[in-house]
>>> print(open('protein_12.cif').read())   # mmCIF, C-alpha atoms; chains and numbers go by the auth columns
data_data
#
loop_
_atom_site.group_PDB
_atom_site.id
_atom_site.type_symbol
_atom_site.label_atom_id
_atom_site.label_comp_id
_atom_site.label_asym_id
_atom_site.label_seq_id
_atom_site.Cartn_x
_atom_site.Cartn_y
_atom_site.Cartn_z
_atom_site.B_iso_or_equiv
_atom_site.auth_seq_id
_atom_site.auth_asym_id
ATOM 1 C CA MET A 1 101.293 80.762 124.366 0.00 4 A
ATOM 2 C CA ALA A 2 97.716 81.532 125.323 0.00 5 A
ATOM 3 C CA ASN A 3 97.466 85.008 123.839 0.00 6 A
ATOM 4 C CA GLN A 4 97.919 84.618 120.112 0.00 7 A
ATOM 5 C CA LYS A 5 97.038 86.974 117.283 0.00 8 A
ATOM 6 C CA THR A 6 95.649 86.003 113.947 0.00 9 A
ATOM 7 C CA ARG A 7 96.745 87.590 110.721 0.00 10 A
ATOM 8 C CA GLU A 8 93.362 89.326 110.500 0.00 11 A
ATOM 9 C CA GLN A 9 93.845 90.861 113.946 0.00 12 A
ATOM 10 C CA THR A 10 97.226 92.189 112.874 0.00 13 A
ATOM 11 C CA VAL A 11 95.721 93.724 109.739 0.00 14 A
ATOM 12 C CA ILE A 12 93.186 95.533 111.935 0.00 15 A
ATOM 13 C CA PHE A 13 95.988 96.657 114.264 0.00 16 A
ATOM 14 C CA THR A 14 97.950 98.207 111.398 0.00 17 A
ATOM 15 C CA GLN A 15 94.822 99.868 110.037 0.00 18 A
ATOM 16 C CA MET A 16 94.111 101.404 113.440 0.00 19 A
ATOM 17 C CA VAL A 17 97.674 102.675 113.824 0.00 20 A
ATOM 18 C CA ALA A 18 97.645 104.203 110.352 0.00 21 A
ATOM 19 C CA LYS A 19 94.300 105.874 110.945 0.00 22 A
ATOM 20 C CA LYS A 20 95.343 107.266 114.315 0.00 23 A
ATOM 21 C CA HIS A 21 98.478 108.894 112.929 0.00 24 A
ATOM 22 C CA GLY A 22 97.159 109.943 109.538 0.00 25 A
ATOM 23 C CA TRP A 23 99.456 107.522 107.713 0.00 26 A
ATOM 24 C CA VAL A 24 98.642 105.088 104.941 0.00 27 A
ATOM 25 C CA LEU A 25 99.594 101.447 104.688 0.00 28 A
ATOM 26 C CA ASN A 26 102.094 100.349 102.072 0.00 29 A
ATOM 27 C CA PRO A 27 100.062 99.880 98.879 0.00 30 A
ATOM 28 C CA ASP A 28 102.405 97.119 97.657 0.00 31 A
ATOM 29 C CA THR A 29 100.171 94.297 98.840 0.00 32 A
ATOM 30 C CA ALA A 30 102.811 91.550 98.673 0.00 33 A
ATOM 31 C CA PHE A 31 105.211 93.666 100.727 0.00 34 A
ATOM 32 C CA TYR A 32 102.451 94.684 103.162 0.00 35 A
ATOM 33 C CA ASP A 33 101.319 91.074 103.541 0.00 36 A
ATOM 34 C CA SER A 34 104.852 89.942 104.361 0.00 37 A
ATOM 35 C CA LEU A 35 105.104 92.597 107.076 0.00 38 A
ATOM 36 C CA VAL A 36 101.733 91.599 108.520 0.00 39 A
ATOM 37 C CA ASP A 37 102.931 88.009 108.632 0.00 40 A
ATOM 38 C CA GLY A 38 106.136 89.167 110.324 0.00 41 A
ATOM 39 C CA LEU A 39 104.291 91.235 112.908 0.00 42 A
ATOM 40 C CA THR A 40 101.931 88.343 113.632 0.00 43 A
ATOM 41 C CA GLN A 41 104.866 85.979 114.022 0.00 44 A
ATOM 42 C CA ASN A 42 106.589 88.400 116.374 0.00 45 A
ATOM 43 C CA TYR A 43 103.474 88.834 118.523 0.00 46 A
ATOM 44 C CA ASN A 44 103.028 85.119 118.780 0.00 47 A
ATOM 45 C CA ARG A 45 106.629 84.424 119.774 0.00 48 A
ATOM 46 C CA TYR A 46 107.483 87.498 121.850 0.00 49 A
ATOM 47 C CA GLY A 47 104.063 88.563 123.160 0.00 50 A
ATOM 48 C CA TYR A 48 104.140 92.005 121.550 0.00 51 A
ATOM 49 C CA TYR A 49 104.196 93.523 118.080 0.00 52 A
ATOM 50 C CA HIS A 50 107.943 93.896 117.758 0.00 53 A
ATOM 51 C CA CYS A 51 109.042 95.671 114.575 0.00 54 A
ATOM 52 C CA PRO A 52 109.477 92.910 111.976 0.00 55 A
ATOM 53 C CA CYS A 53 112.510 94.644 110.460 0.00 56 A
ATOM 54 C CA ARG A 54 114.521 94.967 113.636 0.00 57 A
ATOM 55 C CA ASP A 55 116.072 92.302 115.756 0.00 58 A
ATOM 56 C CA SER A 56 114.625 91.539 119.178 0.00 59 A
ATOM 57 C CA GLU A 57 117.011 92.157 122.066 0.00 60 A
ATOM 58 C CA GLY A 58 115.389 89.369 124.038 0.00 61 A
ATOM 59 C CA SER A 59 113.111 91.141 126.534 0.00 62 A
ATOM 60 C CA ARG A 60 110.078 93.405 126.434 0.00 63 A
ATOM 61 C CA GLU A 61 111.983 96.037 128.395 0.00 64 A
ATOM 62 C CA LEU A 62 114.816 96.216 125.873 0.00 65 A
ATOM 63 C CA ASP A 63 112.461 95.879 122.922 0.00 66 A
ATOM 64 C CA ALA A 64 110.004 98.560 124.103 0.00 67 A
ATOM 65 C CA PRO A 65 111.189 101.298 121.691 0.00 68 A
ATOM 66 C CA ALA A 66 110.841 98.903 118.745 0.00 69 A
ATOM 67 C CA ILE A 67 107.260 97.844 119.470 0.00 70 A
ATOM 68 C CA CYS A 68 105.122 98.824 116.493 0.00 71 A
ATOM 69 C CA PRO A 69 104.609 101.672 115.879 0.00 72 A
ATOM 70 C CA CYS A 70 108.203 102.199 116.999 0.00 73 A
ATOM 71 C CA VAL A 71 109.350 105.375 118.732 0.00 74 A
ATOM 72 C CA TRP A 72 111.288 106.415 115.607 0.00 75 A
ATOM 73 C CA SER A 73 108.388 106.052 113.169 0.00 76 A
ATOM 74 C CA LYS A 74 107.117 109.644 113.358 0.00 77 A
ATOM 75 C CA GLU A 75 110.552 111.125 112.659 0.00 78 A
ATOM 76 C CA ASP A 76 111.279 108.617 109.906 0.00 79 A
ATOM 77 C CA ILE A 77 107.958 109.289 108.205 0.00 80 A
ATOM 78 C CA LEU A 78 108.587 113.016 108.413 0.00 81 A
ATOM 79 C CA GLU A 79 112.110 112.718 107.010 0.00 82 A
ATOM 80 C CA TYR A 80 111.831 109.809 104.576 0.00 83 A
ATOM 81 C CA GLY A 81 108.092 109.497 103.950 0.00 84 A
ATOM 82 C CA HIS A 82 107.913 106.032 105.467 0.00 85 A
ATOM 83 C CA CYS A 83 108.853 104.124 108.584 0.00 86 A
ATOM 84 C CA TYR A 84 111.943 101.913 108.828 0.00 87 A
ATOM 85 C CA CYS A 85 109.942 98.889 107.705 0.00 88 A
ATOM 86 C CA ALA A 86 107.976 100.801 105.044 0.00 89 A
ATOM 87 C CA LEU A 87 104.781 99.512 106.612 0.00 90 A
ATOM 88 C CA TYR A 88 103.448 103.038 107.225 0.00 91 A
ATOM 89 C CA LEU A 89 103.786 105.828 104.676 0.00 92 A
ATOM 90 C CA SER A 90 102.938 109.502 104.795 0.00 93 A
ATOM 91 C CA LYS A 91 100.035 110.423 102.565 0.00 94 A
ATOM 92 C CA GLU A 92 102.358 112.606 100.512 0.00 95 A
ATOM 93 C CA PHE A 93 104.884 109.843 99.951 0.00 96 A
ATOM 94 C CA ALA A 94 102.142 107.385 99.013 0.00 97 A
ATOM 95 C CA ALA A 95 100.695 109.882 96.528 0.00 98 A
ATOM 96 C CA SER A 96 104.128 110.361 94.942 0.00 99 A
ATOM 97 C CA GLY A 97 104.169 106.751 93.737 0.00 100 A
ATOM 98 C CA LYS A 98 107.808 106.388 94.823 0.00 101 A
ATOM 99 C CA GLU A 99 108.978 103.022 96.034 0.00 102 A
ATOM 100 C CA PRO A 100 110.284 102.978 99.615 0.00 103 A
ATOM 101 C CA GLN A 101 113.945 102.087 100.011 0.00 104 A
ATOM 102 C CA ALA A 102 115.769 100.953 103.115 0.00 105 A
ATOM 103 C CA ILE A 103 116.605 103.837 105.449 0.00 106 A
ATOM 104 C CA PRO A 104 119.136 104.077 108.293 0.00 107 A
ATOM 105 C CA ASP A 105 118.011 102.669 111.619 0.00 108 A
ATOM 106 C CA ARG A 106 117.396 105.787 113.684 0.00 109 A
ATOM 107 C CA ARG A 107 118.187 103.961 116.905 0.00 110 A
ATOM 108 C CA PHE A 108 121.828 103.964 115.843 0.00 111 A
ATOM 109 C CA LYS A 109 121.872 107.662 114.980 0.00 112 A
ATOM 110 C CA LYS A 110 124.072 109.756 117.209 0.00 113 A
ATOM 111 C CA MET B 1 132.737 83.044 111.438 0.00 10 B
ATOM 112 C CA ASN B 2 131.749 79.552 112.493 0.00 11 B
ATOM 113 C CA LEU B 3 128.343 78.827 111.030 0.00 12 B
ATOM 114 C CA GLN B 4 128.508 75.096 111.506 0.00 13 B
ATOM 115 C CA ASN B 5 125.372 73.508 112.926 0.00 14 B
ATOM 116 C CA LEU B 6 123.325 76.592 112.064 0.00 15 B
ATOM 117 C CA PRO B 7 120.420 76.490 109.598 0.00 16 B
ATOM 118 C CA VAL B 8 122.308 78.303 106.843 0.00 17 B
ATOM 119 C CA VAL B 9 120.465 77.953 103.541 0.00 18 B
ATOM 120 C CA THR B 10 122.505 77.558 100.364 0.00 19 B
ATOM 121 C CA LYS B 11 120.961 78.832 97.152 0.00 20 B
ATOM 122 C CA ASP B 12 122.330 77.744 93.821 0.00 21 B
ATOM 123 C CA GLY B 13 122.771 80.203 90.999 0.00 22 B
ATOM 124 C CA THR B 14 124.641 80.676 87.759 0.00 23 B
ATOM 125 C CA ARG B 15 126.510 83.741 89.042 0.00 24 B
ATOM 126 C CA THR B 16 129.291 82.594 91.293 0.00 25 B
ATOM 127 C CA ASP B 17 131.684 85.522 90.858 0.00 26 B
ATOM 128 C CA HIS B 18 131.004 86.669 94.426 0.00 27 B
ATOM 129 C CA GLU B 19 130.812 84.807 97.690 0.00 28 B
ATOM 130 C CA ILE B 20 127.682 86.160 99.339 0.00 29 B
ATOM 131 C CA MET B 21 126.495 85.487 102.883 0.00 30 B
ATOM 132 C CA VAL B 22 123.308 87.267 103.980 0.00 31 B
ATOM 133 C CA TYR B 23 122.247 87.608 107.604 0.00 32 B
ATOM 134 C CA ALA B 24 118.538 88.336 107.634 0.00 33 B
ATOM 135 C CA LEU B 25 115.332 88.324 109.670 0.00 34 B
ATOM 136 C CA SER B 26 112.576 85.945 108.618 0.00 35 B
ATOM 137 C CA THR B 27 110.009 88.678 109.314 0.00 36 B
ATOM 138 C CA CYS B 28 111.591 91.577 107.438 0.00 37 B
ATOM 139 C CA GLY B 29 110.270 92.891 104.129 0.00 38 B
ATOM 140 C CA PHE B 30 113.555 94.388 102.928 0.00 39 B
ATOM 141 C CA CYS B 31 115.365 91.142 103.789 0.00 40 B
ATOM 142 C CA LYS B 32 112.949 89.270 101.550 0.00 41 B
ATOM 143 C CA ARG B 33 113.484 91.843 98.821 0.00 42 B
ATOM 144 C CA ALA B 34 117.247 91.410 99.080 0.00 43 B
ATOM 145 C CA LEU B 35 117.016 87.635 98.744 0.00 44 B
ATOM 146 C CA ALA B 36 114.567 88.008 95.844 0.00 45 B
ATOM 147 C CA PHE B 37 117.045 90.384 94.169 0.00 46 B
ATOM 148 C CA LEU B 38 119.813 87.783 94.442 0.00 47 B
ATOM 149 C CA ASP B 39 117.474 85.115 93.070 0.00 48 B
ATOM 150 C CA ALA B 40 116.359 87.343 90.202 0.00 49 B
ATOM 151 C CA HIS B 41 119.971 87.975 89.206 0.00 50 B
ATOM 152 C CA GLN B 42 120.810 84.298 89.590 0.00 51 B
ATOM 153 C CA PHE B 43 123.477 84.705 92.226 0.00 52 B
ATOM 154 C CA ALA B 44 124.619 81.728 94.231 0.00 53 B
ATOM 155 C CA TYR B 45 124.510 82.732 97.892 0.00 54 B
ATOM 156 C CA ARG B 46 123.928 81.621 101.444 0.00 55 B
ATOM 157 C CA TYR B 47 121.607 83.131 104.025 0.00 56 B
ATOM 158 C CA LEU B 48 120.761 82.704 107.677 0.00 57 B
ATOM 159 C CA TYR B 49 117.618 83.895 109.446 0.00 58 B
ATOM 160 C CA VAL B 50 119.170 85.031 112.709 0.00 59 B
ATOM 161 C CA ASP B 51 115.830 85.416 114.484 0.00 60 B
ATOM 162 C CA LEU B 52 115.351 81.653 114.217 0.00 61 B
ATOM 163 C CA ILE B 53 118.517 80.660 116.071 0.00 62 B
ATOM 164 C CA PRO B 54 119.304 80.740 119.819 0.00 63 B
ATOM 165 C CA ILE B 55 119.760 84.291 121.092 0.00 64 B
ATOM 166 C CA ASP B 56 123.266 83.666 122.454 0.00 65 B
ATOM 167 C CA THR B 57 124.416 82.446 119.051 0.00 66 B
ATOM 168 C CA LYS B 58 122.694 85.351 117.348 0.00 67 B
ATOM 169 C CA ASN B 59 124.315 87.872 119.662 0.00 68 B
ATOM 170 C CA ALA B 60 127.735 86.330 119.068 0.00 69 B
ATOM 171 C CA ILE B 61 127.258 86.654 115.313 0.00 70 B
ATOM 172 C CA LYS B 62 126.122 90.272 115.650 0.00 71 B
ATOM 173 C CA GLN B 63 129.051 91.093 117.899 0.00 72 B
ATOM 174 C CA GLU B 64 131.507 89.564 115.460 0.00 73 B
ATOM 175 C CA LEU B 65 129.995 91.459 112.504 0.00 74 B
ATOM 176 C CA LYS B 66 130.068 94.696 114.485 0.00 75 B
ATOM 177 C CA GLN B 67 133.687 94.287 115.497 0.00 76 B
ATOM 178 C CA ARG B 68 134.815 93.204 112.088 0.00 77 B
ATOM 179 C CA PHE B 69 133.108 95.869 110.020 0.00 78 B
ATOM 180 C CA LYS B 70 132.852 98.637 112.644 0.00 79 B
ATOM 181 C CA GLU B 71 129.167 99.028 111.916 0.00 80 B
ATOM 182 C CA ASN B 72 125.968 98.631 113.895 0.00 81 B
ATOM 183 C CA VAL B 73 124.232 95.518 112.707 0.00 82 B
ATOM 184 C CA ALA B 74 120.906 95.938 110.934 0.00 83 B
ATOM 185 C CA PHE B 75 119.237 93.579 108.492 0.00 84 B
ATOM 186 C CA PRO B 76 119.728 92.441 105.842 0.00 85 B
ATOM 187 C CA PHE B 77 123.492 92.418 106.479 0.00 86 B
ATOM 188 C CA ALA B 78 125.358 90.919 103.526 0.00 87 B
ATOM 189 C CA VAL B 79 129.039 89.990 103.594 0.00 88 B
ATOM 190 C CA ILE B 80 130.511 89.982 100.107 0.00 89 B
ATOM 191 C CA ASP B 81 133.695 88.049 99.333 0.00 90 B
ATOM 192 C CA ASP B 82 134.465 88.018 103.044 0.00 91 B
ATOM 193 C CA LYS B 83 135.520 91.680 102.977 0.00 92 B
ATOM 194 C CA LYS B 84 132.819 94.055 101.749 0.00 93 B
ATOM 195 C CA TYR B 85 129.409 94.455 103.304 0.00 94 B
ATOM 196 C CA LEU B 86 125.969 95.833 102.550 0.00 95 B
ATOM 197 C CA ILE B 87 123.504 96.906 105.238 0.00 96 B
ATOM 198 C CA GLY B 88 119.812 97.225 104.415 0.00 97 B
ATOM 199 C CA PHE B 89 118.472 96.737 100.938 0.00 98 B
ATOM 200 C CA ILE B 90 118.995 99.678 98.620 0.00 99 B
ATOM 201 C CA GLU B 91 118.868 98.129 95.194 0.00 100 B
ATOM 202 C CA ALA B 92 121.253 100.608 93.563 0.00 101 B
ATOM 203 C CA ASP B 93 123.925 99.856 96.193 0.00 102 B
ATOM 204 C CA TRP B 94 123.547 96.113 95.807 0.00 103 B
ATOM 205 C CA LYS B 95 123.762 96.438 92.029 0.00 104 B
ATOM 206 C CA MET B 96 126.923 98.497 92.246 0.00 105 B
ATOM 207 C CA THR B 97 128.655 96.259 94.790 0.00 106 B
ATOM 208 C CA LEU B 98 127.715 93.054 93.000 0.00 107 B
ATOM 209 C CA GLY B 99 128.350 94.344 89.501 0.00 108 B
ATOM 210 C CA VAL B 100 124.815 94.021 88.159 0.00 109 B
#
>>> encode(input="protein_12.cif", output="structure tokens")
Amino acid sequence: MANQKTREQTVIFTQMVAKKHGWVLNPDTAFYDSLVDGLTQNYNRYGYYHCPCRDSEGSRELDAPAICPCVWSKEDILEYGHCYCALYLSKEFAASGKEPQAIPDRRFKK
Amino acid sequence: MNLQNLPVVTKDGTRTDHEIMVYALSTCGFCKRALAFLDAHQFAYRYLYVDLIPIDTKNAIKQELKQRFKENVAFPFAVIDDKKYLIGFIEADWKMTLGV
């Protein structure tokens, strides 16, 4: 695939998203690094930054809501303090020192 | 579920009191945490990265899990002793279900 992203480009992407929304990146560097690797891998195989913690449905059209930052991230960060992946945290949650835990996938909420 | 010819990884461990099969994504942080938890507690288990297999096969596995457990499939999805299941990695839940 011609258009490939490097890990460094993905780091910059996540920094820009966090800055735009007033979020902070997960301070657990090993966890953050694994998500950056996952996002980079997804970009380079799908052509877009599909959420690394959700499964691709096989097309950009079907995957659109799960392209990072996903459409559920704002609500999840408001309710739980972090997104589904725990890549982005609210400033308050980050300051609390709590460790993110898995949360329900909002796309399945009725 | 027929997992023959799929790249299922078998991990050895001293705890063999549960049969554990984990469906995971190779890109997912909580999936990695779940596998690390099983390693740390020395469980023997198997796992499959479903994002690394053909999409038709993956969808068939997801459909079977959904029908069997009446749950939407998210990852990690662990099947314990062929009857219980865990979705997502919440350490307290995994500890309780696995008797840690």
>>> residues_around(input="protein_12.cif", residues="Ala89 of chain A", least_positions_apart="2", cutoff="10 Å", atoms="all atoms listed in the file", output="list in words")
Leu28, Asn29, Asp31, Phe34, Tyr35, Leu38, Cys56, Ser76, Asp79, Ile80, Tyr83, Gly84, His85, Cys86, Tyr87, Tyr91, Leu92, Glu102, Pro103, Gln104, Ala105 and Ile106 of chain A; Gly38 and Phe39 of chain B
>>> interface_residues(input="protein_12.cif", of="chain A", to="chain B", cutoff="9 Å", atoms="only C-alpha atoms", output="list in words")
Phe34, Tyr35, Ser37, Leu38, Val39, Asp40, Gly41, Leu42, Gln44, Asn45, Cys54, Pro55, Cys56, Arg57, Asp58, Ser59, Glu60, Gly61, Cys88, Ala89, Leu90, Gln104, Ala105, Ile106, Pro107, Asp108 and Phe111 of chain A
>>> resolve_selection(input="protein_12.cif", expression="the PyMOL selection byres ((chain B and resi 15) around 12)", output="PyMOL selection string")
chain B and resi 10-14+16-19+32+55-63+66-67+70
>>> residues_around(input="protein_12.cif", residues="His27 of chain B", least_positions_apart="6", cutoff="12 Å", atoms="all atoms listed in the file", output="list in words")
Leu47, Gln51, Phe52, Ala53, Tyr54, Arg55, Ala87, Val88, Ile89, Asp90, Asp91, Lys92, Lys93, Tyr94, Thr106, Leu107, Gly108 and Val109 of chain B
>>> write_last_selection(input="protein_12.cif", atoms="C-alpha atoms", output="CSV table (one decimal), in the coordinates of the input")
chain,number,residue,atom,x,y,z
B,47,LEU,CA,119.8,87.8,94.4
B,51,GLN,CA,120.8,84.3,89.6
B,52,PHE,CA,123.5,84.7,92.2
B,53,ALA,CA,124.6,81.7,94.2
B,54,TYR,CA,124.5,82.7,97.9
B,55,ARG,CA,123.9,81.6,101.4
B,87,ALA,CA,125.4,90.9,103.5
B,88,VAL,CA,129.0,90.0,103.6
B,89,ILE,CA,130.5,90.0,100.1
B,90,ASP,CA,133.7,88.0,99.3
B,91,ASP,CA,134.5,88.0,103.0
B,92,LYS,CA,135.5,91.7,103.0
B,93,LYS,CA,132.8,94.1,101.7
B,94,TYR,CA,129.4,94.5,103.3
B,106,THR,CA,128.7,96.3,94.8
B,107,LEU,CA,127.7,93.1,93.0
B,108,GLY,CA,128.4,94.3,89.5
B,109,VAL,CA,124.8,94.0,88.2
>>> residues_around(input="protein_12.cif", residues="Tyr49 of chain A", least_positions_apart="6", cutoff="10 Å", atoms="all atoms listed in the file", output="ChimeraX atom specification")
/A:4,43,59,61-63,66
>>> axis_aligned_box(input="protein_12.cif", around="segment 51-59 of chain A", padding_each_side="3 Å", output="lines of an AutoDock Vina configuration file")
center_x = 110.1
center_y = 93.6
center_z = 116.0
size_x = 17.9
size_y = 10.1
size_z = 17.1
>>> resolve_selection(input="protein_12.cif", expression="the PyMOL selection byres ((chain A and resi 52) around 6)", output="list in words")
Leu42, Asn45, Tyr46, Tyr51, His53, Ile70 and Cys71 of chain A
>>> atom_distance(input="protein_12.cif", atom1="atom CA of Asn47 of chain A", atom2="atom CA of Pro72 of chain A")
16.9 Å
>>> atom_distance(input="protein_12.cif", atom1="atom CA of His50 of chain B", atom2="atom CA of Pro30 of chain A")
25.1 Å
>>> atom_distance(input="protein_12.cif", atom1="atom CA of Ser99 of chain A", atom2="atom CA of Trp75 of chain A")
22.2 Å
>>> build_atoms(input="protein_12.cif", residues="segment 23-37 of chain B", atoms="N, CA and C atoms", output="mmCIF file, in the frame of the given file")
data_model
loop_
_atom_site.group_PDB
_atom_site.id
_atom_site.type_symbol
_atom_site.label_atom_id
_atom_site.label_comp_id
_atom_site.auth_asym_id
_atom_site.auth_seq_id
_atom_site.Cartn_x
_atom_site.Cartn_y
_atom_site.Cartn_z
ATOM 1 N N THR B 23 123.638 80.737 88.825
ATOM 2 C CA THR B 23 124.641 80.676 87.759
ATOM 3 C C THR B 23 125.754 81.694 87.975
ATOM 4 N N ARG B 24 125.466 82.739 88.782
ATOM 5 C CA ARG B 24 126.510 83.741 89.042
ATOM 6 C C ARG B 24 127.250 83.378 90.314
ATOM 7 N N THR B 25 128.500 83.012 90.140
ATOM 8 C CA THR B 25 129.291 82.594 91.293
ATOM 9 C C THR B 25 130.548 83.458 91.427
ATOM 10 N N ASP B 26 130.504 84.656 90.832
ATOM 11 C CA ASP B 26 131.684 85.522 90.858
ATOM 12 C C ASP B 26 131.862 86.225 92.201
ATOM 13 N N HIS B 27 130.861 86.126 93.076
ATOM 14 C CA HIS B 27 131.004 86.669 94.426
ATOM 15 C C HIS B 27 130.584 85.606 95.440
ATOM 16 N N GLU B 28 131.266 85.655 96.585
ATOM 17 C CA GLU B 28 130.812 84.807 97.690
ATOM 18 C C GLU B 28 129.920 85.676 98.570
ATOM 19 N N ILE B 29 128.667 85.300 98.666
ATOM 20 C CA ILE B 29 127.682 86.160 99.339
ATOM 21 C C ILE B 29 127.054 85.415 100.513
ATOM 22 N N MET B 30 127.153 86.036 101.687
ATOM 23 C CA MET B 30 126.495 85.487 102.883
ATOM 24 C C MET B 30 125.572 86.572 103.425
ATOM 25 N N VAL B 31 124.282 86.276 103.522
ATOM 26 C CA VAL B 31 123.308 87.267 103.980
ATOM 27 C C VAL B 31 122.757 86.865 105.346
ATOM 28 N N TYR B 32 122.886 87.781 106.296
ATOM 29 C CA TYR B 32 122.247 87.608 107.604
ATOM 30 C C TYR B 32 120.937 88.384 107.545
ATOM 31 N N ALA B 33 119.842 87.718 107.858
ATOM 32 C CA ALA B 33 118.538 88.336 107.634
ATOM 33 C C ALA B 33 117.572 87.973 108.765
ATOM 34 N N LEU B 34 116.430 88.653 108.755
ATOM 35 C CA LEU B 34 115.332 88.324 109.670
ATOM 36 C C LEU B 34 114.221 87.683 108.848
ATOM 37 N N SER B 35 113.620 86.651 109.376
ATOM 38 C CA SER B 35 112.576 85.945 108.618
ATOM 39 C C SER B 35 111.314 86.786 108.484
ATOM 40 N N THR B 36 111.226 87.856 109.277
ATOM 41 C CA THR B 36 110.009 88.678 109.314
ATOM 42 C C THR B 36 110.123 89.972 108.514
ATOM 43 N N CYS B 37 111.264 90.238 107.948
ATOM 44 C CA CYS B 37 111.591 91.577 107.438
ATOM 45 C C CYS B 37 111.353 91.686 105.926
#
